[in-house]
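Below: the structure, in structure tokens.
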Amino acid sequence: MAEEEKNSAMEMERKLKKEEKAREKEMKKQKASAKPKHGHGKSTKPITLTDNKNNIKDTPSETPLGEKKRLSSEMAKQYNPSAVETSWYEWWERSGFFKADAKSTKPKFVILLPPPNVTGVLHIGHALTCAVQDTLIRYKRMSGYNALWLPGFDHAGIATQDVVDKHLMHERGKTSHEIGREEFLKEAWKWTHKYSGTIKTQLRRLGSSLDWSRECFTMDEKRSKAVVEAFVRLHKEGVIYRGDQLVNWDCFSRTARSDEEIDHIEIKGRTLKNVPGYEKPVEFGVMTSFAYPLEDGSGDVVVATTRVETMLGDTAIAVHPDDVRYKHLHGKFAVHPFNGRKLPIVCDADLVDPELGTGCVKITPAHEPKDYELGKIHHLEAINIFTNDGKINKNGGSEFEGMKRYVAREAVTEALRSKELLRGVEEKDMRIGICSRSGDVVEPMLKPQWYVRCSTMGKEALDVAANGKLEIIPKQYSTEWRRWLEKVHDWCISRQILWGHRIPAWYATLEEDHLKKFGTYIDHWVVARNEEEAREEAAVKFPGKKLLDLSQDPDVLDTWFSSGLFPLSAFGWPDQTEELKAFYPGSVLETGLDILFFWVARMVMLAMKLSDGEVPFSKVYLHPMVRDAQGHKMSKSLGNGIDPLDVINGLQTRLEKGNLDSKEGIPECGADALRFALVSYTAQSYNINMDVKRVVCYRQWCNKIWNAVRFAMMKLGDDYKPPLKTISPETMPFSCKWILSVLNKAVSKTVESLDAFELADASNTVYSWWQYQFCDVFIEAIKPFFSGENSDRTHAQDSLWVCLETGLRLLHPFMPFVTEELWQRLPSPQGCERKASIMICEYPSHLEEWRNEKVEAEMEMVMAIVKTLRALRTVESMERQRNEKLHAFALCGNASTLEIVKSHETEIRNLAKLSSFEVVLKGEDKGGQAGSAVVETVNENLKVYLKVDGIAIDKEAEREKMGNKIEEIQNQKEKLEKIMGVSWYEEKVPANIKEENAKKLAKLLQELDLFQES
């Protein structure tokens, strides 16, 4: 590494540490300022403010930074995300709750944060990563693991160079090439300092429980040491080599580009397109035909191309060996009209299609991938005709030298015309590669570069996925893994930019060299850890020869190389640190599916190579991609990303980009609601079409949970003491037995889903319990128990407290802020030491004594009756009595149903808001004798009647309504049967989906029978 770059890296590390110290100093300062000046050091009364609705709420000014949040004695009437989410994070971080212990005997669980690029700010796609990973890490931390979530930042070579270049052009009107390496590096470090701080603020605001004490940057001193060491070792083993191969060259940025930076677009016929560096649009979509004279003067051969300027680098013409039209030309030569170069006419059955065009193909090995491969077979010369900035070089001939490539395109066409060799120009559909960063049309170009041999390492990465040492989740992406690695090519790792790890290779210029130009001889390179070591290597490699100069390669390494080392370098490799021994290999690598090859596969390949075959993580979990309205991946460089803080804090301006469908801006949603929405979206397999309305719904759900706790606090009272031990539901009322049983089932399902990385299922389970069972049913069912002093009241209080305390712990990994605030408000058992925070409590686990299938089945029937009675109130004839308490009957088809329904008359009457409820056996149908009534079938053994005296029932309308329901169910049944009847259904559809579909079909058939009977 060059001295100035090393110094910059060290300076960056010092600055990061300085920022951390300043943060701690500010915490101490605010803590000191919060202490009272009088009163023997006692705390002053918490300050509370009121909003315009006279709701008491907590504010950031109440709690000094880093101290435990001071909560007002009275809960606000409405949930306020900004009030709830303030102060907790600073206290969590200051308390060390996020830190993992390298000496711990607990089982480890390690996740590395995919290092965000220091090129701007995080967008919703990054927020998805944080939501998923923080859910996993909090769950494992609460489950007794030594959980480490390690934060890192990526220097993002080309991406950072591009944005800093744009910044320089805007601010100073200059490019990186104009200001030079040293000055540009200073600007790049400034940019890094600025935006790494912004990103850290975003990560904290999202609630990311990262171990900030282990924060690292891909260009800090330790990571840079790892990069150099890896390069040197791999070069010595022959894995890294220098060679001439075709690369994707960006003439505007003057660097090689990786495949993932190129977008291929279709050109339909003649098309004018703007290209960076050209004043007027460039024409694409045309095919130029021209003739090459034969050497013997017997005629010519006609070829065609969409890139006529590349003919300046042609070194052969190919024909199909079986094409009778050109049999007489086998082994002959054509002559280049501009430089006199002899072009052999070669035969190739793979490249040439005799039915396409003239059947003759021009061969340009230095500028066309297929031609390059053919050139190697036929030992053809490969002549590069372009300079790094896309101009014709001296190899292209003095007539065109210095012209830009697309200017030369026109000049070559005219020159061919003047020599009477032009045969025609016609429209032609074509495909061109565009660099997604610079917008330049990528030029295939033969360049000497540094490469990594990938075939052997790729085979090893394939094997560990096949034998189970590496599990890819979801499983369908294993196919993608195989597709990439079975055809893996050598990896070009050098980039012609200034920002990045400078390649630790030096070029030796010897006195005896005929050509003194830098880089001329491919065998004159020495690889070493520093210049001193390079000189020693050169002395060994060139014994007895005089060394005139030793110059380090100005190129830098591809960013994916340093990030590929991250599982090792993050823990101090190549040094055998305590951290490396404790935390390597990691547990899970969670990231977007778009970089499965570019990052994940390269980490596996490099880490296994450098750690004696040890796989860097046992599982790879791939989340879907959040895309904008046009289906593009959200990207900082494309400017289509949405700052998650705009969703958390609210944005009152109309969105111009992205697909958070909101024409009026975004309401304040909070981090918890955003996180929960993002995790729930992971059920989608590939793309996320995100709608801000879904986030708003979860924000409203937070309000429901808030009010449930507020209700509980009122019903528990100031004197309530929670049970010391786990409660036994045996003697409890029916509704309490039921809520504990379904809570137990929700706990089991959530844990099972989280362990299987089915996060959407886990979030849906937690949501369903809180929303549909606890809030909608249980709270309503126990309200009568608080009307007076009785044993049921005590049972209701205990089950209410247990549900809240357990339910908040169950929800915490998904929604850390609101669960912490509400959990801290709950009373704790007397004589029992309470944990400081919910995040270090135990995650709920299954309790067999709470399980009660019989109670659950009975409550299922109760709720079916309640829902049916509620539905009956929605008929048009009930409009006037919709909110009145009415009388109802249940007609049971057998004695067992009668017994169950009769035993739960109270719950049904209360939940359905009835004045009275009567249960009768079939044959005692009082519904038809008691005046007007509306009827609905609950199941094959149960019907309910809602008495509506004084209202005429339109029987025909009710029959029509039943008919419409039957038709709706029939359509659903047919649609599902069609899906299940496709030829590939049994073979390709996952077992759980097939099982779910079978249950749906059975339910539809049952409903169809019931409605037809009614």
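By order in the structure tokens, chains are A, B, ...; within a chain, residues start at 1; ligands start at 1, following the order shown.
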
> Looking only at the backbone, which of the residues in segment 352-438 of chain A does DSSP tag as strand (DSSP E or B), as a PyMOL selection string?
Replying inline: chain A and resi 360-363+386+391-392+404+422-427+430-435

> Which neighbours of Gly157 of chain A fall inside 6 Å, counting only C-alpha atoms, when residues of the same chain fewer than 4 positions from it are skipped, and could you give them as a list in words?
Replying inline: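 Listed by chain and then number, they are Trp499, Gly500 and Thr559 of chain A.
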
> Between atom CA of Leu724 of chain A and atom CA of Phe98 of chain A, what is the distance, to one decimal in Å?
Replying inline: 28.5 Å

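Contact shell of Arg495 of chain A at 8 Å (only C-alpha atoms; same-chain neighbours under 4 positions omitted): Thr255, Ala256, Arg257, Asp555, Val556, Leu557 and Asp558 of chain A.
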
> Among segment 758-969 of chain A, which residues carry a DSSP assignment of helix (DSSP H, G or I), reported as a PyMOL selection string?
Replying inline: chain A and resi 759-787+791-811+816-825+838-840+848-850+853-872+876-881+895-903+905-911+955-969

Give me the residues within 7 Å of Ile385 of chain A as a CSV table (one decimal) with N, CA and C atoms, in the first residue's frame, counting only C-alpha atoms and dropping any in the same chain fewer than 5 places off.
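To be explicit, this is the file written out as part.csv:
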```csv
chain,number,residue,atom,x,y,z
A,312,LEU,N,-10.5,-1.6,-37.6
A,312,LEU,CA,-9.1,-1.2,-37.6
A,312,LEU,C,-8.3,-2.2,-36.8
A,313,GLY,N,-8.9,-3.0,-36.0
A,313,GLY,CA,-8.2,-4.0,-35.2
A,313,GLY,C,-8.4,-5.4,-35.7
A,392,ILE,N,-8.9,6.4,-30.7
A,392,ILE,CA,-8.1,5.5,-31.5
A,392,ILE,C,-6.6,5.7,-31.2
A,393,ASN,N,-5.9,4.6,-30.9
A,393,ASN,CA,-4.5,4.8,-30.7
A,393,ASN,C,-3.7,4.5,-32.0
A,395,ASN,N,-2.2,2.0,-33.1
A,395,ASN,CA,-2.5,0.8,-33.7
A,395,ASN,C,-3.6,0.9,-34.8
A,396,GLY,N,-4.4,1.9,-34.6
A,396,GLY,CA,-5.6,2.1,-35.5
A,396,GLY,C,-5.2,2.8,-36.8
```

>> Need to verify the contact set: Arg699 of chain A, 7 Å, only C-alpha atoms, exclusion of same-chain residues closer than 4 positions in sequence. Can you return it as a count of residues only?
In response: 4

> Which of these, A:Val526, A:Ile779, A:Ile739, A:Leu869, has the shortest distance to Phe711 of chain A once you count only C-alpha atoms?
Replying inline: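 For Phe711 of chain A, the nearest of the candidates is A:Ile779.
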
> So which residues touch Asp101 of chain A within 12 Å, counting only C-alpha atoms, skipping near sequence neighbours fewer than 3 positions away, as a VMD selection string?
Replying inline: chain A and resid 96 to 98 104 to 110 141 145 to 149 211 213 to 214 578 to 579 582 to 583
